[in-house]
Amino acid sequence: AAARQQIAAFHETWYDRRRAAAFLGISPRTLKQWQLDRRGPLATKMGDSRQSRTFWHVDELQAFARDPAGYNAARAADR
């Protein structure tokens, strides 16, 4: 039961590509391309193997959704 609660809590704040794309109203393929182009909301890769998965934190998704141009400009300035 405790493990299920931890998993549920994780999925409340971290979205996989399909769910993150749905949140933004775009296709998962578009989100993948943005990730490759280093634009759009910041993604986090979890795991240390070839089977690692990529997730987006809900705070990053919300910040990007509020002001995409400003968000991308701030990310570019951080590089």
# chains A, B, ... in the order shown; residues from 1 in each chain; ligands from 1

$ select_by_dssp --residues "chain A" --states "alpha helix (DSSP H)" --output "VMD selection string"
chain A and resid 2 to 13 17 to 24 28 to 37 58 to 66 68 to 78

$ write_last_selection --atoms "N, CA and C atoms" --output "CSV table (one decimal), in the first residue's frame"
chain,number,residue,atom,x,y,z
A,2,ALA,N,1.9,1.2,0.8
A,2,ALA,CA,2.8,2.4,0.8
A,2,ALA,C,3.5,2.7,-0.5
A,3,ALA,N,3.9,1.6,-1.2
A,3,ALA,CA,4.5,1.8,-2.5
A,3,ALA,C,3.5,2.4,-3.5
A,4,ARG,N,2.3,1.9,-3.4
A,4,ARG,CA,1.3,2.5,-4.4
A,4,ARG,C,1.1,4.0,-4.1
A,5,GLN,N,1.1,4.4,-2.8
A,5,GLN,CA,1.0,5.8,-2.5
A,5,GLN,C,2.2,6.6,-3.0
A,6,GLN,N,3.4,6.0,-2.9
A,6,GLN,CA,4.6,6.7,-3.4
A,6,GLN,C,4.5,6.9,-4.9
A,7,ILE,N,4.1,5.8,-5.6
A,7,ILE,CA,3.9,5.9,-7.1
A,7,ILE,C,2.9,6.9,-7.5
A,8,ALA,N,1.8,6.9,-6.8
A,8,ALA,CA,0.7,7.9,-7.1
A,8,ALA,C,1.2,9.3,-6.8
A,9,ALA,N,1.9,9.5,-5.8
A,9,ALA,CA,2.5,10.9,-5.5
A,9,ALA,C,3.5,11.3,-6.6
A,10,PHE,N,4.3,10.4,-7.0
A,10,PHE,CA,5.2,10.6,-8.1
A,10,PHE,C,4.5,11.1,-9.4
A,11,HIS,N,3.5,10.4,-9.7
A,11,HIS,CA,2.7,10.7,-11.0
A,11,HIS,C,1.8,11.9,-10.9
A,12,GLU,N,1.6,12.4,-9.7
A,12,GLU,CA,0.9,13.7,-9.5
A,12,GLU,C,1.8,14.9,-9.9
A,13,THR,N,3.1,14.7,-9.8
A,13,THR,CA,4.1,15.8,-10.0
A,13,THR,C,5.0,15.6,-11.2
A,17,ARG,N,6.0,11.4,-21.3
A,17,ARG,CA,5.8,12.2,-22.5
A,17,ARG,C,4.4,12.3,-23.0
A,18,ARG,N,3.7,11.2,-22.9
A,18,ARG,CA,2.3,11.2,-23.4
A,18,ARG,C,1.4,12.2,-22.6
A,19,ARG,N,1.6,12.1,-21.3
A,19,ARG,CA,0.8,13.0,-20.4
A,19,ARG,C,1.2,14.4,-20.5
A,20,ALA,N,2.5,14.6,-20.6
A,20,ALA,CA,3.0,16.0,-20.7
A,20,ALA,C,2.5,16.7,-22.0
A,21,ALA,N,2.6,15.9,-23.1
A,21,ALA,CA,2.1,16.4,-24.4
A,21,ALA,C,0.6,16.7,-24.3
A,22,ALA,N,-0.1,15.9,-23.7
A,22,ALA,CA,-1.6,16.1,-23.6
A,22,ALA,C,-1.8,17.4,-22.7
A,23,PHE,N,-1.1,17.6,-21.7
A,23,PHE,CA,-1.2,18.8,-20.8
A,23,PHE,C,-1.0,20.0,-21.7
A,24,LEU,N,0.0,20.0,-22.6
A,24,LEU,CA,0.4,21.1,-23.4
A,24,LEU,C,-0.5,21.2,-24.7
A,28,PRO,N,2.9,13.8,-28.6
A,28,PRO,CA,4.2,13.3,-28.0
A,28,PRO,C,5.4,13.5,-28.9
A,29,ARG,N,5.1,13.3,-30.2
A,29,ARG,CA,6.2,13.4,-31.2
A,29,ARG,C,6.8,14.9,-31.2
A,30,THR,N,5.9,15.8,-31.1
A,30,THR,CA,6.3,17.2,-31.1
A,30,THR,C,7.1,17.5,-29.8
A,31,LEU,N,6.7,17.0,-28.7
A,31,LEU,CA,7.4,17.2,-27.4
A,31,LEU,C,8.8,16.5,-27.5
A,32,LYS,N,8.9,15.3,-28.1
A,32,LYS,CA,10.2,14.7,-28.3
A,32,LYS,C,11.1,15.5,-29.1
A,33,GLN,N,10.6,16.1,-30.2
A,33,GLN,CA,11.4,17.0,-31.0
A,33,GLN,C,11.9,18.2,-30.3
A,34,TRP,N,11.0,18.8,-29.5
A,34,TRP,CA,11.4,20.0,-28.7
A,34,TRP,C,12.5,19.6,-27.7
A,35,GLN,N,12.4,18.4,-27.1
A,35,GLN,CA,13.4,17.9,-26.2
A,35,GLN,C,14.7,17.8,-26.9
A,36,LEU,N,14.7,17.3,-28.1
A,36,LEU,CA,15.9,17.1,-28.9
A,36,LEU,C,16.5,18.5,-29.3
A,37,ASP,N,15.6,19.5,-29.6
A,37,ASP,CA,16.0,20.8,-29.9
A,37,ASP,C,16.4,21.7,-28.7
A,58,VAL,N,5.5,18.9,-13.3
A,58,VAL,CA,4.3,19.7,-13.5
A,58,VAL,C,4.6,21.2,-13.4
A,59,ASP,N,5.5,21.6,-12.5
A,59,ASP,CA,5.8,23.1,-12.4
A,59,ASP,C,6.5,23.6,-13.7
A,60,GLU,N,7.3,22.8,-14.3
A,60,GLU,CA,8.0,23.2,-15.6
A,60,GLU,C,6.9,23.3,-16.7
A,61,LEU,N,6.0,22.4,-16.7
A,61,LEU,CA,4.9,22.4,-17.7
A,61,LEU,C,4.1,23.6,-17.6
A,62,GLN,N,3.7,23.9,-16.3
A,62,GLN,CA,2.9,25.1,-16.1
A,62,GLN,C,3.6,26.4,-16.4
A,63,ALA,N,4.9,26.5,-16.1
A,63,ALA,CA,5.6,27.7,-16.4
A,63,ALA,C,5.7,27.9,-17.9
A,64,PHE,N,6.0,26.8,-18.6
A,64,PHE,CA,6.0,26.9,-20.1
A,64,PHE,C,4.7,27.3,-20.7
A,65,ALA,N,3.6,26.7,-20.2
A,65,ALA,CA,2.3,26.9,-20.7
A,65,ALA,C,1.9,28.4,-20.5
A,66,ARG,N,2.3,29.0,-19.4
A,66,ARG,CA,2.0,30.4,-19.1
A,66,ARG,C,2.6,31.4,-20.1
A,68,PRO,N,5.4,30.6,-23.1
A,68,PRO,CA,6.3,29.8,-23.9
A,68,PRO,C,7.6,30.6,-24.3
A,69,ALA,N,7.3,31.8,-24.9
A,69,ALA,CA,8.5,32.5,-25.4
A,69,ALA,C,9.4,32.9,-24.3
A,70,GLY,N,8.9,33.4,-23.2
A,70,GLY,CA,9.7,33.8,-22.0
A,70,GLY,C,10.4,32.7,-21.4
A,71,TYR,N,9.7,31.5,-21.4
A,71,TYR,CA,10.3,30.3,-20.8
A,71,TYR,C,11.5,29.9,-21.7
A,72,ASN,N,11.3,29.8,-23.0
A,72,ASN,CA,12.4,29.4,-23.9
A,72,ASN,C,13.6,30.4,-23.8
A,73,ALA,N,13.3,31.7,-23.7
A,73,ALA,CA,14.3,32.7,-23.7
A,73,ALA,C,15.1,32.5,-22.4
A,74,ALA,N,14.5,32.3,-21.3
A,74,ALA,CA,15.2,32.1,-20.0
A,74,ALA,C,16.0,30.8,-20.1
A,75,ARG,N,15.5,29.8,-20.7
A,75,ARG,CA,16.4,28.5,-20.8
A,75,ARG,C,17.6,28.8,-21.7
A,76,ALA,N,17.4,29.5,-22.8
A,76,ALA,CA,18.5,29.9,-23.6
A,76,ALA,C,19.6,30.7,-22.9
A,77,ALA,N,19.1,31.6,-22.1
A,77,ALA,CA,20.1,32.4,-21.3
A,77,ALA,C,20.9,31.6,-20.3
A,78,ASP,N,20.3,30.5,-19.8
A,78,ASP,CA,21.0,29.7,-18.8
A,78,ASP,C,22.0,28.8,-19.4

$ select_by_dssp --residues "chain A" --states "strand (DSSP E)" --output "short mmCIF file (atom, residue, chain, number, x, y, z; two decimals) with N, CA, C and O atoms, in the first residue's frame"
data_model
loop_
_atom_site.label_atom_id
_atom_site.label_comp_id
_atom_site.auth_asym_id
_atom_site.auth_seq_id
_atom_site.Cartn_x
_atom_site.Cartn_y
_atom_site.Cartn_z
N TRP A 14 5.14 14.36 -11.67
CA TRP A 14 6.00 14.04 -12.81
C TRP A 14 5.17 13.37 -13.90
O TRP A 14 4.49 12.38 -13.64
N TYR A 15 5.23 13.93 -15.12
CA TYR A 15 4.43 13.43 -16.24
C TYR A 15 5.34 12.75 -17.27
O TYR A 15 6.42 13.27 -17.58
N ALA A 43 13.03 18.76 -19.49
CA ALA A 43 12.78 17.33 -19.24
C ALA A 43 13.85 16.79 -18.31
O ALA A 43 14.98 17.29 -18.27
N THR A 44 13.50 15.76 -17.56
CA THR A 44 14.44 15.10 -16.65
C THR A 44 14.46 13.62 -16.98
O THR A 44 13.42 12.97 -17.01
N LYS A 45 15.65 13.11 -17.23
CA LYS A 45 15.81 11.69 -17.51
C LYS A 45 16.05 10.98 -16.18
O LYS A 45 16.93 11.37 -15.41
N MET A 46 15.28 9.95 -15.93
CA MET A 46 15.40 9.21 -14.67
C MET A 46 15.87 7.80 -14.95
O MET A 46 15.29 7.10 -15.77
N ARG A 53 13.83 6.57 -18.43
CA ARG A 53 12.63 7.23 -18.94
C ARG A 53 12.73 8.73 -18.69
O ARG A 53 13.39 9.17 -17.76
N THR A 54 12.07 9.48 -19.53
CA THR A 54 12.08 10.93 -19.43
C THR A 54 10.74 11.40 -18.87
O THR A 54 9.69 10.90 -19.26
N PHE A 55 10.83 12.36 -17.95
CA PHE A 55 9.64 12.91 -17.31
C PHE A 55 9.74 14.42 -17.30
O PHE A 55 10.82 14.99 -17.38
N TRP A 56 8.57 15.06 -17.17
CA TRP A 56 8.47 16.51 -17.06
C TRP A 56 7.78 16.83 -15.75
O TRP A 56 6.73 16.27 -15.44
N HIS A 57 8.36 17.73 -14.98
CA HIS A 57 7.74 18.13 -13.72
C HIS A 57 6.59 19.08 -14.02
O HIS A 57 6.69 19.95 -14.90
#
